[in-house]
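Enquirer: Dropping in run.csv, with CSV, C-alpha atoms.
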```
chain,number,residue,atom,x,y,z
A,811,MET,CA,38.2,16.4,-12.0
A,812,VAL,CA,35.9,16.5,-9.0
A,813,ARG,CA,33.2,18.3,-11.0
A,814,LEU,CA,33.5,15.7,-13.8
A,815,LEU,CA,33.2,12.8,-11.3
A,816,LEU,CA,30.1,14.4,-9.8
A,817,LEU,CA,28.6,15.0,-13.2
A,818,ALA,CA,29.3,11.4,-14.2
A,819,ALA,CA,27.6,10.1,-11.0
A,820,CYS,CA,24.6,12.4,-11.6
A,821,CYS,CA,24.2,11.2,-15.2
A,822,SER,CA,24.6,7.5,-14.2
A,823,ALA,CA,21.9,7.9,-11.5
A,824,ALA,CA,19.6,9.6,-14.0
A,825,THR,CA,20.1,6.7,-16.4
A,826,ASP,CA,19.3,4.2,-13.8
A,827,VAL,CA,16.0,5.9,-13.0
A,828,GLU,CA,15.2,6.1,-16.7
A,829,ARG,CA,15.8,2.4,-17.1
A,830,TRP,CA,13.5,1.8,-14.1
A,831,GLU,CA,10.8,3.9,-15.7
A,832,ASP,CA,11.2,2.0,-19.0
A,833,ARG,CA,11.0,-1.4,-17.3
A,834,TRP,CA,7.7,-0.6,-15.8
A,835,SER,CA,6.1,1.6,-18.5
A,836,SER,CA,6.8,-1.0,-21.2
A,837,GLY,CA,5.2,-3.9,-19.3
A,838,ALA,CA,7.6,-6.1,-21.3
A,839,TRP,CA,8.5,-8.6,-18.6
A,840,ASP,CA,9.6,-12.1,-19.6
A,841,ASP,CA,7.8,-14.3,-17.2
A,842,GLY,CA,6.1,-14.5,-13.7
A,843,TRP,CA,3.4,-12.3,-12.4
A,844,ARG,CA,5.1,-9.2,-13.9
A,845,ALA,CA,4.3,-10.5,-17.4
A,846,GLN,CA,0.6,-10.2,-16.5
A,847,VAL,CA,0.8,-6.6,-15.1
A,848,GLY,CA,1.0,-4.6,-18.3
A,849,PRO,CA,2.3,-1.0,-18.4
A,850,VAL,CA,2.7,0.9,-15.1
A,851,ASP,CA,3.5,4.6,-15.2
A,852,VAL,CA,6.2,5.3,-12.6
A,853,THR,CA,7.1,8.8,-13.9
A,854,CYS,CA,4.3,10.4,-11.9
A,855,GLU,CA,4.8,13.0,-9.2
A,856,PHE,CA,2.2,14.8,-7.0
A,857,ARG,CA,1.5,17.7,-4.8
A,858,TYR,CA,-1.6,18.4,-2.8
A,859,ARG,CA,-3.8,21.2,-1.5
A,860,LEU,CA,-5.6,20.3,1.7
A,861,GLY,CA,-8.6,22.5,0.9
A,862,ILE,CA,-10.6,21.8,4.0
A,863,ARG,CA,-10.9,23.3,7.5
A,864,ASP,CA,-12.3,22.0,10.7
A,865,GLY,CA,-15.6,23.8,11.4
A,866,LYS,CA,-15.4,26.5,8.8
A,867,VAL,CA,-16.6,27.1,5.3
A,868,GLY,CA,-13.8,26.2,2.9
A,869,GLY,CA,-12.4,28.8,0.6
A,870,THR,CA,-10.9,26.3,-1.8
A,871,ARG,CA,-11.5,22.6,-2.6
A,872,PRO,CA,-9.1,19.7,-2.0
A,873,ALA,CA,-6.9,19.1,-5.0
A,874,LEU,CA,-4.3,16.6,-6.2
A,875,ALA,CA,-1.8,18.0,-8.7
A,876,VAL,CA,0.0,15.4,-10.7
A,877,ALA,CA,2.7,15.5,-13.4
A,878,TYR,CA,3.6,12.4,-15.4
A,879,GLY,CA,5.4,11.3,-18.6
A,880,ARG,CA,8.9,12.2,-19.9
A,881,PRO,CA,9.5,15.8,-20.9
A,882,ALA,CA,10.5,16.4,-24.5
A,883,PRO,CA,12.8,15.4,-26.2
A,884,TYR,CA,13.0,12.2,-24.1
A,885,GLY,CA,9.3,11.4,-24.3
A,886,PRO,CA,5.9,12.5,-25.8
A,887,SER,CA,5.4,15.3,-23.2
A,888,ARG,CA,5.0,16.0,-19.5
A,889,GLN,CA,1.3,15.9,-18.6
A,890,ARG,CA,-0.1,18.0,-15.8
A,891,ILE,CA,-3.5,17.6,-14.3
A,892,VAL,CA,-5.1,19.0,-11.1
A,893,PHE,CA,-7.9,16.8,-9.8
A,894,GLU,CA,-10.6,18.0,-7.4
A,895,PRO,CA,-13.3,15.7,-6.0
A,896,ASP,CA,-15.5,14.2,-8.7
A,897,ALA,CA,-13.1,15.3,-11.5
A,898,ALA,CA,-14.2,13.9,-14.8
A,899,ALA,CA,-10.7,13.0,-16.0
A,900,ALA,CA,-9.9,11.0,-12.8
A,901,ASP,CA,-11.1,7.7,-14.2
A,902,ASP,CA,-9.0,8.1,-17.4
A,903,PHE,CA,-5.9,8.9,-15.2
A,904,ALA,CA,-6.4,5.7,-13.1
A,905,SER,CA,-7.1,3.5,-16.1
A,906,THR,CA,-3.3,3.0,-16.3
A,907,PRO,CA,-1.9,2.2,-12.8
A,908,ARG,CA,0.5,5.0,-11.8
A,909,LEU,CA,3.1,5.1,-9.0
A,910,CYS,CA,3.3,8.8,-8.0
A,911,GLU,CA,6.1,10.2,-5.8
A,912,TYR,CA,5.5,13.3,-3.6
A,913,ARG,CA,7.5,16.3,-4.7
A,914,SER,CA,8.7,17.2,-1.2
A,915,SER,CA,10.5,20.5,-0.7
A,916,LYS,CA,12.5,18.9,2.2
A,917,THR,CA,15.7,16.9,2.0
A,918,ILE,CA,15.3,13.2,1.5
A,919,ASN,CA,16.9,11.0,4.1
A,920,GLY,CA,18.6,8.4,2.0
A,921,SER,CA,19.1,6.1,5.0
A,922,ALA,CA,15.4,5.8,5.7
A,923,PRO,CA,12.8,3.6,4.0
A,924,ALA,CA,10.3,5.0,1.6
A,925,ASP,CA,6.6,5.2,2.5
A,926,LEU,CA,3.9,3.7,0.3
A,927,MET,CA,0.1,4.0,0.1
A,928,VAL,CA,-2.3,2.5,-2.4
A,929,ALA,CA,-5.6,3.9,-3.8
A,930,SER,CA,-7.7,2.0,-6.4
A,931,SER,CA,-8.8,5.3,-8.0
A,932,VAL,CA,-8.6,9.1,-7.5
A,933,GLY,CA,-12.1,9.0,-6.2
A,934,TYR,CA,-11.1,6.5,-3.4
A,935,LEU,CA,-8.2,8.7,-2.5
A,936,PHE,CA,-10.5,11.7,-2.0
A,937,ARG,CA,-12.9,9.5,0.0
A,938,LEU,CA,-10.0,9.2,2.5
A,939,TRP,CA,-8.4,12.6,1.8
A,940,PRO,CA,-7.4,13.7,5.3
A,941,TYR,CA,-5.8,10.3,6.0
A,942,PHE,CA,-3.9,10.5,2.7
A,943,VAL,CA,-2.5,13.9,3.6
A,944,ASN,CA,-1.8,12.7,7.1
A,945,HIS,CA,0.4,9.9,5.7
A,946,VAL,CA,2.2,12.3,3.4
A,947,CYS,CA,2.9,14.7,6.3
A,948,TYR,CA,4.2,11.8,8.4
A,949,GLY,CA,6.6,10.7,5.7
A,950,GLU,CA,7.8,14.1,4.9
A,951,ALA,CA,8.5,15.0,8.5
A,952,ALA,CA,11.0,12.0,8.6
A,953,GLY,CA,12.6,12.8,5.2
A,954,HIS,CA,11.1,9.8,3.6
A,955,ARG,CA,10.3,9.4,-0.1
A,956,VAL,CA,6.5,9.1,-0.2
A,957,PHE,CA,4.7,7.1,-2.9
A,958,VAL,CA,1.1,6.4,-3.7
A,959,TRP,CA,-0.1,3.9,-6.3
A,960,ILE,CA,-3.3,5.1,-8.0
A,961,GLY,CA,-5.2,2.6,-10.1
A,962,GLU,CA,-7.0,-0.8,-10.1
A,963,LEU,CA,-5.3,-4.1,-9.8
A,964,PRO,CA,-4.0,-4.7,-13.4
A,965,GLU,CA,-6.5,-6.8,-15.3
A,966,GLY,CA,-3.9,-9.5,-16.0
A,967,LEU,CA,-3.7,-10.1,-12.2
A,968,ALA,CA,-7.3,-9.3,-11.4
A,969,THR,CA,-8.9,-11.8,-13.7
A,970,THR,CA,-6.6,-14.8,-13.2
A,971,VAL,CA,-6.3,-17.3,-10.4
A,972,ASN,CA,-3.4,-19.8,-10.3
A,973,GLY,CA,-3.5,-23.5,-9.7
A,974,GLY,CA,-2.5,-23.3,-6.0
A,975,CYS,CA,-5.5,-21.1,-5.3
A,976,ARG,CA,-7.9,-23.3,-7.3
A,977,GLY,CA,-6.8,-26.3,-5.4
A,978,SER,CA,-7.2,-24.7,-2.0
A,979,ARG,CA,-10.4,-25.0,0.2
A,980,GLN,CA,-10.9,-21.2,0.0
A,981,GLY,CA,-10.4,-21.1,-3.8
A,982,GLN,CA,-12.8,-23.9,-4.4
A,983,LEU,CA,-15.5,-22.1,-2.3
A,984,LEU,CA,-14.9,-18.8,-4.1
A,985,LEU,CA,-15.0,-20.4,-7.5
A,986,ALA,CA,-18.2,-22.3,-6.7
A,987,GLU,CA,-20.0,-19.2,-5.4
A,988,GLY,CA,-18.8,-16.9,-8.2
A,989,MET,CA,-16.4,-14.0,-7.6
A,990,LEU,CA,-17.9,-11.0,-9.3
A,991,PRO,CA,-17.9,-7.6,-7.5
A,992,ASP,CA,-21.8,-7.4,-7.5
A,993,GLN,CA,-21.9,-10.7,-5.7
A,994,ARG,CA,-19.7,-9.6,-2.8
A,995,ARG,CA,-20.9,-8.5,0.6
A,996,LEU,CA,-17.8,-6.4,1.1
A,997,LYS,CA,-18.3,-4.1,-1.8
A,998,SER,CA,-15.9,-1.5,-0.3
A,999,ALA,CA,-13.0,-3.6,-1.6
A,1000,TYR,CA,-14.2,-2.7,-5.1
A,1001,TYR,CA,-14.8,1.0,-4.5
A,1002,GLY,CA,-15.9,2.6,-7.8
A,1003,ARG,CA,-15.6,-0.7,-9.7
A,1004,GLY,CA,-18.7,-1.2,-11.9
A,1005,ASP,CA,-20.8,-4.3,-11.9
A,1006,GLY,CA,-19.6,-5.2,-15.4
A,1007,TYR,CA,-16.0,-5.5,-14.3
A,1008,GLU,CA,-15.3,-9.2,-13.9
A,1009,ALA,CA,-12.5,-9.9,-11.4
A,1010,LEU,CA,-11.5,-12.9,-9.3
A,1011,ASN,CA,-9.1,-11.1,-7.0
A,1012,SER,CA,-9.6,-8.1,-4.7
A,1013,ASN,CA,-7.7,-4.9,-5.3
A,1014,HIS,CA,-6.2,-5.4,-1.9
A,1015,TYR,CA,-3.5,-7.1,-3.8
A,1016,ASN,CA,-2.5,-3.7,-5.4
A,1017,LYS,CA,0.0,-3.2,-2.6
A,1018,ILE,CA,2.2,-6.0,-3.9
A,1019,PRO,CA,3.0,-4.8,-7.5
A,1020,ALA,CA,3.3,-1.3,-5.9
A,1021,SER,CA,5.8,-2.5,-3.4
A,1022,ALA,CA,7.8,-4.3,-6.0
A,1023,ALA,CA,7.9,-1.2,-8.2
A,1024,VAL,CA,9.1,1.0,-5.2
A,1025,LEU,CA,11.8,-1.5,-4.2
A,1026,ASP,CA,13.0,-1.6,-7.8
A,1027,ARG,CA,13.5,2.1,-7.9
A,1028,PRO,CA,17.2,3.2,-7.8
A,1029,GLY,CA,17.9,4.9,-4.5
A,1030,VAL,CA,15.3,3.0,-2.5
A,1031,ASP,CA,16.5,0.0,-0.4
A,1032,GLY,CA,13.5,-0.4,1.9
A,1033,LEU,CA,9.8,0.6,2.3
A,1034,PHE,CA,7.1,0.9,4.8
A,1035,TYR,CA,3.6,0.1,3.5
A,1036,ALA,CA,0.4,1.1,5.4
A,1037,ASP,CA,-3.2,1.0,4.3
A,1038,LEU,CA,-4.8,4.3,3.4
A,1039,ASP,CA,-7.6,3.9,5.8
A,1040,SER,CA,-5.2,4.2,8.8
A,1041,TYR,CA,-3.8,7.2,10.5
A,1042,PHE,CA,-1.1,8.8,12.7
A,1043,ASP,CA,-2.5,11.0,15.4
A,1044,VAL,CA,-0.9,14.3,16.2
A,1045,ALA,CA,1.3,12.9,18.9
A,1046,ALA,CA,2.5,10.0,16.7
A,1047,LEU,CA,3.7,12.5,14.1
A,1048,GLN,CA,6.5,13.4,16.6
A,1049,GLU,CA,7.4,9.9,17.7
A,1050,PRO,CA,10.4,7.8,16.4
A,1051,ARG,CA,9.5,5.7,13.4
A,1052,LEU,CA,9.6,2.0,14.2
A,1053,ALA,CA,10.1,1.1,10.6
A,1054,ASP,CA,13.1,3.4,10.5
A,1055,ALA,CA,14.6,1.6,13.5
A,1056,ILE,CA,14.1,-1.8,11.8
A,1057,HIS,CA,15.6,-0.6,8.6
A,1058,GLY,CA,18.6,0.9,10.4
A,1059,ALA,CA,19.3,-2.1,12.6
A,1060,GLY,CA,19.7,-4.3,9.5
A,1061,THR,CA,18.7,-7.6,11.1
A,1062,LEU,CA,15.3,-8.0,9.4
A,1063,ASP,CA,14.5,-8.1,5.7
A,1064,LEU,CA,10.7,-8.4,6.2
A,1065,SER,CA,8.2,-7.6,9.0
A,1066,PHE,CA,4.4,-7.7,8.9
A,1067,PHE,CA,2.0,-6.2,11.4
A,1068,SER,CA,0.7,-8.5,14.1
A,1069,ASN,CA,-1.1,-7.8,17.4
A,1070,ALA,CA,-1.1,-11.4,18.5
A,1071,GLY,CA,2.0,-11.3,20.7
A,1072,SER,CA,5.3,-13.2,20.5
A,1073,ALA,CA,3.7,-16.5,21.6
A,1074,ALA,CA,1.5,-16.6,18.5
A,1075,PRO,CA,2.5,-18.5,15.3
A,1076,PHE,CA,5.0,-16.2,13.5
A,1077,TRP,CA,3.0,-16.5,10.2
A,1078,ASN,CA,-0.3,-15.3,11.6
A,1079,VAL,CA,0.2,-11.7,10.5
A,1080,LYS,CA,-1.8,-9.0,8.6
A,1081,GLY,CA,-1.1,-7.2,5.4
A,1082,CYS,CA,-2.3,-3.8,6.5
A,1083,ALA,CA,1.2,-2.6,7.4
A,1084,PHE,CA,4.6,-4.1,6.7
A,1085,TYR,CA,8.3,-3.2,6.3
A,1086,ALA,CA,10.3,-4.7,3.4
A,1087,ARG,CA,14.0,-4.4,2.6
A,1088,ARG,CA,15.3,-4.8,-0.9
A,1089,SER,CA,16.5,-8.4,-0.4
A,1090,PRO,CA,16.0,-11.9,-1.7
A,1091,LEU,CA,13.6,-12.8,1.1
A,1092,ALA,CA,11.3,-9.8,0.5
A,1093,SER,CA,11.4,-10.4,-3.2
A,1094,ALA,CA,10.5,-14.0,-2.8
A,1095,VAL,CA,7.6,-13.3,-0.4
A,1096,LEU,CA,6.2,-10.5,-2.6
A,1097,ASP,CA,6.4,-12.8,-5.7
A,1098,GLY,CA,4.8,-15.7,-3.9
A,1099,TRP,CA,2.1,-13.6,-2.4
A,1100,ILE,CA,0.9,-12.2,-5.7
A,1101,GLU,CA,1.4,-15.4,-7.6
A,1102,GLU,CA,-0.8,-17.2,-5.0
A,1103,ARG,CA,-3.6,-14.5,-5.1
A,1104,CYS,CA,-6.8,-16.1,-4.1
A,1105,GLY,CA,-10.0,-14.0,-4.0
A,1106,PHE,CA,-10.8,-11.4,-1.4
A,1107,LYS,CA,-8.5,-12.1,1.5
A,1108,ASP,CA,-4.9,-11.3,0.8
A,1109,GLN,CA,-3.9,-12.8,4.2
A,1110,TYR,CA,-4.7,-16.3,3.1
A,1111,PRO,CA,-2.0,-16.5,0.4
A,1112,LEU,CA,0.3,-14.4,2.6
A,1113,TRP,CA,0.3,-17.0,5.3
A,1114,HIS,CA,0.9,-19.8,2.8
A,1115,THR,CA,3.8,-17.8,1.2
A,1116,LEU,CA,5.5,-17.0,4.5
A,1117,LEU,CA,5.3,-20.7,5.6
A,1118,THR,CA,6.7,-21.8,2.3
A,1119,ALA,CA,9.6,-19.4,2.6
A,1120,ALA,CA,10.3,-20.5,6.2
A,1121,ALA,CA,10.2,-24.1,5.1
A,1122,ASP,CA,12.6,-23.4,2.2
A,1123,ALA,CA,14.9,-21.9,4.8
A,1124,GLY,CA,14.7,-25.1,6.9
A,1125,CYS,CA,12.8,-23.5,9.8
A,1126,LEU,CA,9.9,-26.0,9.8
A,1127,SER,CA,8.1,-28.5,7.6
A,1128,TYR,CA,5.2,-27.2,5.5
A,1129,ASP,CA,3.3,-29.0,2.9
A,1130,GLY,CA,0.5,-26.6,2.0
A,1131,GLU,CA,-1.6,-27.3,5.2
A,1132,ILE,CA,-3.1,-23.7,5.1
A,1133,TYR,CA,-4.6,-24.4,1.7
A,1134,GLY,CA,-6.4,-27.4,3.2
A,1135,MET,CA,-8.5,-24.9,5.3
A,1136,LEU,CA,-10.7,-22.0,4.8
A,1137,SER,CA,-9.2,-18.6,5.5
A,1138,HIS,CA,-11.0,-18.0,8.8
A,1139,ASP,CA,-10.2,-21.6,10.0
A,1140,ALA,CA,-6.5,-21.1,9.1
A,1141,MET,CA,-6.4,-17.9,11.1
A,1142,LYS,CA,-8.2,-19.3,14.2
A,1143,ARG,CA,-7.2,-22.9,14.3
A,1144,GLY,CA,-4.3,-23.5,11.9
A,1145,ALA,CA,-1.7,-24.1,14.6
A,1146,GLU,CA,-4.2,-26.1,16.7
A,1147,LEU,CA,-5.0,-28.5,13.9
A,1148,HIS,CA,-1.4,-28.7,12.7
A,1149,PRO,CA,0.9,-28.3,15.8
A,1150,HIS,CA,4.1,-28.3,13.8
A,1151,LEU,CA,2.9,-24.9,12.4
A,1152,ALA,CA,2.7,-23.4,16.0
A,1153,LEU,CA,6.3,-22.1,15.8
A,1154,SER,CA,6.1,-18.7,17.5
A,1155,ALA,CA,8.0,-15.6,16.7
A,1156,ALA,CA,10.2,-16.0,19.8
A,1157,GLN,CA,10.9,-19.6,18.9
A,1158,LEU,CA,11.6,-18.6,15.3
A,1159,ARG,CA,14.3,-16.2,16.3
A,1160,VAL,CA,16.1,-18.9,18.3
A,1161,ALA,CA,15.6,-21.9,16.0
A,1162,CYS,CA,16.1,-20.1,12.6
A,1163,ALA,CA,18.1,-16.9,13.1
A,1164,SER,CA,19.1,-16.9,9.4
A,1165,PHE,CA,15.4,-16.4,8.4
A,1166,ARG,CA,15.3,-12.6,8.6
A,1167,PHE,CA,11.6,-12.2,9.2
A,1168,ALA,CA,9.6,-11.3,12.3
A,1169,PRO,CA,6.1,-10.0,13.0
A,1170,THR,CA,6.0,-6.5,14.6
A,1171,ARG,CA,3.3,-4.7,16.4
A,1172,PHE,CA,3.4,-1.4,14.5
A,1173,GLU,CA,1.6,0.9,16.9
A,1174,TRP,CA,1.2,3.5,14.1
A,1175,PRO,CA,-0.5,4.0,11.9
A,1176,ALA,CA,-3.7,2.9,13.8
A,1177,HIS,CA,-6.3,1.0,11.7
A,1178,ARG,CA,-9.9,1.6,12.6
A,1179,SER,CA,-12.9,0.4,10.7
A,1180,VAL,CA,-15.2,3.2,9.7
A,1181,PRO,CA,-18.9,2.6,8.8
A,1182,GLY,CA,-19.9,3.9,5.4
A,1183,ASP,CA,-22.3,6.4,6.9
A,1184,ALA,CA,-19.8,7.8,9.4
A,1185,LEU,CA,-18.9,11.0,7.6
A,1186,ALA,CA,-17.1,14.3,8.3
A,1187,ARG,CA,-18.7,17.0,6.3
A,1188,PHE,CA,-16.6,20.0,5.1
A,1189,PRO,CA,-18.9,22.7,3.7
A,1190,TYR,CA,-18.3,25.0,0.7
A,1191,GLU,CA,-20.2,27.7,-0.9
A,1192,GLY,CA,-22.9,25.7,-2.7
A,1193,GLY,CA,-21.8,22.3,-1.6
A,1194,GLU,CA,-19.9,20.0,0.8
A,1195,PHE,CA,-17.1,17.5,0.7
A,1196,ASN,CA,-17.6,14.3,2.7
A,1197,VAL,CA,-14.9,11.9,4.0
A,1198,SER,CA,-14.8,9.0,6.3
A,1199,ASN,CA,-14.8,10.1,9.9
A,1200,LEU,CA,-13.0,7.8,12.4
A,1201,LEU,CA,-14.0,10.2,15.2
A,1202,GLU,CA,-17.7,9.7,14.6
A,1203,GLY,CA,-19.5,9.5,18.0
A,1204,THR,CA,-16.6,10.9,20.0
A,1205,PRO,CA,-16.1,14.3,21.6
A,1206,ASP,CA,-13.5,15.1,19.0
A,1207,ALA,CA,-15.9,14.3,16.0
A,1208,GLY,CA,-15.7,17.8,14.7
A,1209,ARG,CA,-11.9,18.1,15.0
A,1210,LEU,CA,-10.8,15.5,12.6
A,1211,LEU,CA,-8.0,17.7,11.0
A,1212,ALA,CA,-6.6,18.7,14.4
A,1213,PHE,CA,-6.6,15.1,15.5
A,1214,LEU,CA,-4.6,14.1,12.4
A,1215,GLY,CA,-2.1,16.9,12.9
A,1216,LEU,CA,-3.3,18.9,9.9
A,1217,GLY,CA,-4.9,21.8,11.7
A,1218,ASP,CA,-1.9,24.1,11.1
A,1219,LEU,CA,-1.5,23.4,7.3
A,1220,ASP,CA,-2.4,26.2,4.9
A,1221,PRO,CA,-5.5,24.7,3.3
A,1222,ASP,CA,-5.4,27.0,0.3
A,1223,THR,CA,-1.8,26.4,-0.9
A,1224,PHE,CA,-0.3,23.5,-2.8
A,1225,LEU,CA,2.3,21.8,-0.7
```
What is this file in structure tokens?

Expert:
Amino acid sequence: MVRLLLLAACCSAATDVERWEDRWSSGAWDDGWRAQVGPVDVTCEFRYRLGIRDGKVGGTRPALAVAYGRPAPYGPSRQRIVFEPDAAAADDFASTPRLCEYRSSKTINGSAPADLMVASSVGYLFRLWPYFVNHVCYGEAAGHRVFVWIGELPEGLATTVNGGCRGSRQGQLLLAEGMLPDQRRLKSAYYGRGDGYEALNSNHYNKIPASAAVLDRPGVDGLFYADLDSYFDVAALQEPRLADAIHGAGTLDLSFFSNAGSAAPFWNVKGCAFYARRSPLASAVLDGWIEERCGFKDQYPLWHTLLTAAADAGCLSYDGEIYGMLSHDAMKRGAELHPHLALSAAQLRVACASFRFAPTRFEWPAHRSVPGDALARFPYEGGEFNVSNLLEGTPDAGRLLAFLGLGDLDPDTFL
């Protein structure tokens, strides 16, 4: 009897996962932003080979091994590809957005949140290769599920702007100036995107459908998102996870990164790192954030959405004041020009305890801007592999892997 119950539970869980896969791969959503996403492959799994060494000629190249699709007889076939830098098939792979889970050999801690990263292409992932592996190692050490979304912002979301954005000061400016990638100063937001690709919204917004897909997966009830161009140093790999503590405490459903302090307006946060629990609040904010997508800066609609959610909860009054300002003005002077929006995080906890949101200063991962010409060069027989080097100009510039806690990994073995 016990064996039958265990078998039934196993089959039920497998069916739930298959239904999740079908929901996202079909792209057949009824309404809302999901109806504009199109198919997203969530059957994908990955492993990696580090392939680089500090200060030595590499014996192998970095490699990402992926498997995706349903095995026969439940699907067409299970595809397997190994990508190395500049792989010709990489663009085809990323033409359909794919949410890939790391095939860890370690036991998953079911009480911990999952970890999520986003890369607009395989090429962008290799550009930040050591940081990607650093994030995987960080998650694996804690027994987290680790996911990476690979692919552009789906065209249905990239090429549409809703009425709220069009009516805002920022949206009016962007629409007047034109919002094509070749007209942007910050071209890194469109890494690998050709000049012929017409888009109104930055692929920074990829994190939102990726988060929604992860939180929709059976067995996942929370996630921690961090930008790929961030890192955990070797000491941080051993420290307690703040997102795990938030998840375990159960008092917050949503928390975005802020380094402004508890006296700053609670909504003045950044989207570079956040925790989200599977909950009505997180779902409402993720939905509002992507539905209000508005050009390059994803923080602008995020602030508007958080204030809207707080107003709906009775925490303050809000009538779209953020959308009456440009993004930079909203960040710097929003609370000054509209004092009723100056509700701090500390005041929010007292005045509106039922609103399960708070900004958090996530010390890790650290986020540091890296100039395009700051490169770490890893040589090979007949060539070299270049990645962004956050240690450029420091005494540790040549020890990037050791700094990221990757110095002891076997660089020639798939992990």

Enquirer: Near Asp901 (chain A), within 9 Å and counting all atoms listed in the file, which residues show up once chain neighbours fewer than 6 positions away are dropped, as a PDB file with C-alpha atoms, in the frame of the given file?

Expert:
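And here's result-v8.pdb as it stands now:
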```
ATOM      1  CA  SER A 931      -8.800   5.300  -8.000  1.00  0.00           C
ATOM      2  CA  VAL A 932      -8.600   9.100  -7.500  1.00  0.00           C
ATOM      3  CA  GLY A 933     -12.100   9.000  -6.200  1.00  0.00           C
ATOM      4  CA  GLY A 961      -5.200   2.600 -10.100  1.00  0.00           C
TER       5      GLY A 961
END
```

Enquirer: So which one's closest to Phe1084 (chain A), A:Tyr934, A:Phe1195, A:Tyr1035, A:Tyr1015? Using all atoms listed in the file, please.

Expert: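 So, comparing all the options, the nearest one is A:Tyr1035.
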
Enquirer: In Å, how far is it from CA of Ser915 (chain A) to CA of Ala1086 (chain A)?

Expert: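 Interatomic distance here is 25.5 Å.
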
Enquirer: Can you pull out every residue within 12 Å of Ile1132 (chain A), counting all atoms listed in the file, but drop anything in the same chain fewer than 4 positions away, and send it as JSON, numbers by chain?

Expert: {"A": [974, 975, 977, 978, 979, 980, 981, 1077, 1078, 1109, 1110, 1111, 1112, 1113, 1114, 1115, 1116, 1117, 1118, 1128, 1136, 1137, 1138, 1139, 1140, 1141, 1142, 1143, 1144, 1145, 1146, 1147, 1148, 1151]}

Enquirer: Quick one, how far is CA of Ser1072 (chain A) from CA of Ala1152 (chain A)?

Expert: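 CA of Ala1152 (chain A) lies at a distance of 11.4 Å from CA of Ser1072 (chain A).
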
Enquirer: Just checking: using only C-alpha atoms, which residue out of A:Arg857, A:Arg1051, A:Arg1103, A:Lys1080 ends up closest to Asn1016 (chain A)?

Expert: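 Looking only at the distances to Asn1016 (chain A), the closest residue turns out to be A:Arg1103.
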
Enquirer: Interatomic distance between CA of Ala986 (chain A) and CA of Lys1107 (chain A)?

Expert: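 Distance between the two atoms: 16.3 Å.
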
Enquirer: Rank A:Leu1214, A:Tyr858, A:Pro964, A:Ala1184 by their smallest atom-to-atom distance to Arg871 (chain A), using all atoms listed in the file, and report the top residue only.

Expert: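 So, comparing all the options, the nearest one is A:Tyr858.
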
Enquirer: Residues near Thr906 (chain A), anyone? I mean within 12 Å using only C-alpha atoms, not counting same-chain ones fewer than 4 positions away, as a VMD selection string.

Expert: chain A and resid 834 to 837 847 to 852 854 878 900 to 902 930 to 932 959 to 965

Enquirer: Select, from A:Leu1225, A:Ala1094, A:Leu1126, A:Ala904, the residue with the minimum atom-to-atom distance to Ala929 (chain A), counting all atoms listed in the file.

Expert: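 Looking only at the distances to Ala929 (chain A), the closest residue turns out to be A:Ala904.
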
Enquirer: List as number ranges by chain the protein and nucleic acid residues near Asp1222 (chain A), meaning an atom at most 8 Å away when only C-alpha atoms are counted, but skip any in the same chain fewer than 2 places from it.

Expert: A: 859-861, 869-870, 1220, 1224

Enquirer: Taking a cut-off of 8 Å and counting only C-alpha atoms, can you build a table that, for each residue of region 1130-1205 of chain A near region 1037-1041 of chain A, reports the nearest atom pair and how far apart they are in Å (one decimal), sorted by chain then residue number, as CSV?

Expert:
```
residue,atom,partner,partner_atom,distance
A:Trp1174,CA,A:Tyr1041,CA,7.2
A:Pro1175,CA,A:Tyr1041,CA,4.8
A:Ala1176,CA,A:Ser1040,CA,5.4
A:His1177,CA,A:Ser1040,CA,4.5
A:Arg1178,CA,A:Ser1040,CA,6.6
```

Enquirer: Could you name the residues that touch Ala952 (chain A) at 9 Å or less, counting only C-alpha atoms, but leaving out those on the same chain fewer than 4 positions away, as a list in words?

Expert: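 Listed by chain and then number, they are Ile918, Asn919, Ala922, Cys947, Tyr948, Pro1050 and Arg1051 of chain A.
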
Enquirer: Please determine, counting only C-alpha atoms, which residue among A:Gly842, A:Pro1090, A:Gly1071, A:Gly1098 has the shortest atom-to-atom distance to Ala1155 (chain A).

Expert: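 Looking at the shortest contact to Ala1155 (chain A), the residue is A:Gly1071.
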
Enquirer: Counting only C-alpha atoms, figure out which residue out of A:Val1160, A:Ala1046, A:Leu1096, A:Leu1062 gets nearest to Ala951 (chain A).

Expert: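 Going through A:Val1160, A:Ala1046, A:Leu1096, A:Leu1062 one by one, the smallest distance to Ala951 (chain A) is for A:Ala1046.
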
Enquirer: List as a list of chain:residue names: which residues have an atom within 8 Å of (10.5, -3.8, 6.1), counting only C-alpha atoms?

Expert: A:Gly1032, A:Leu1033, A:Phe1034, A:Ala1053, A:Ile1056, A:His1057, A:Leu1062, A:Asp1063, A:Leu1064, A:Ser1065, A:Phe1066, A:Phe1084, A:Tyr1085, A:Ala1086, A:Arg1087
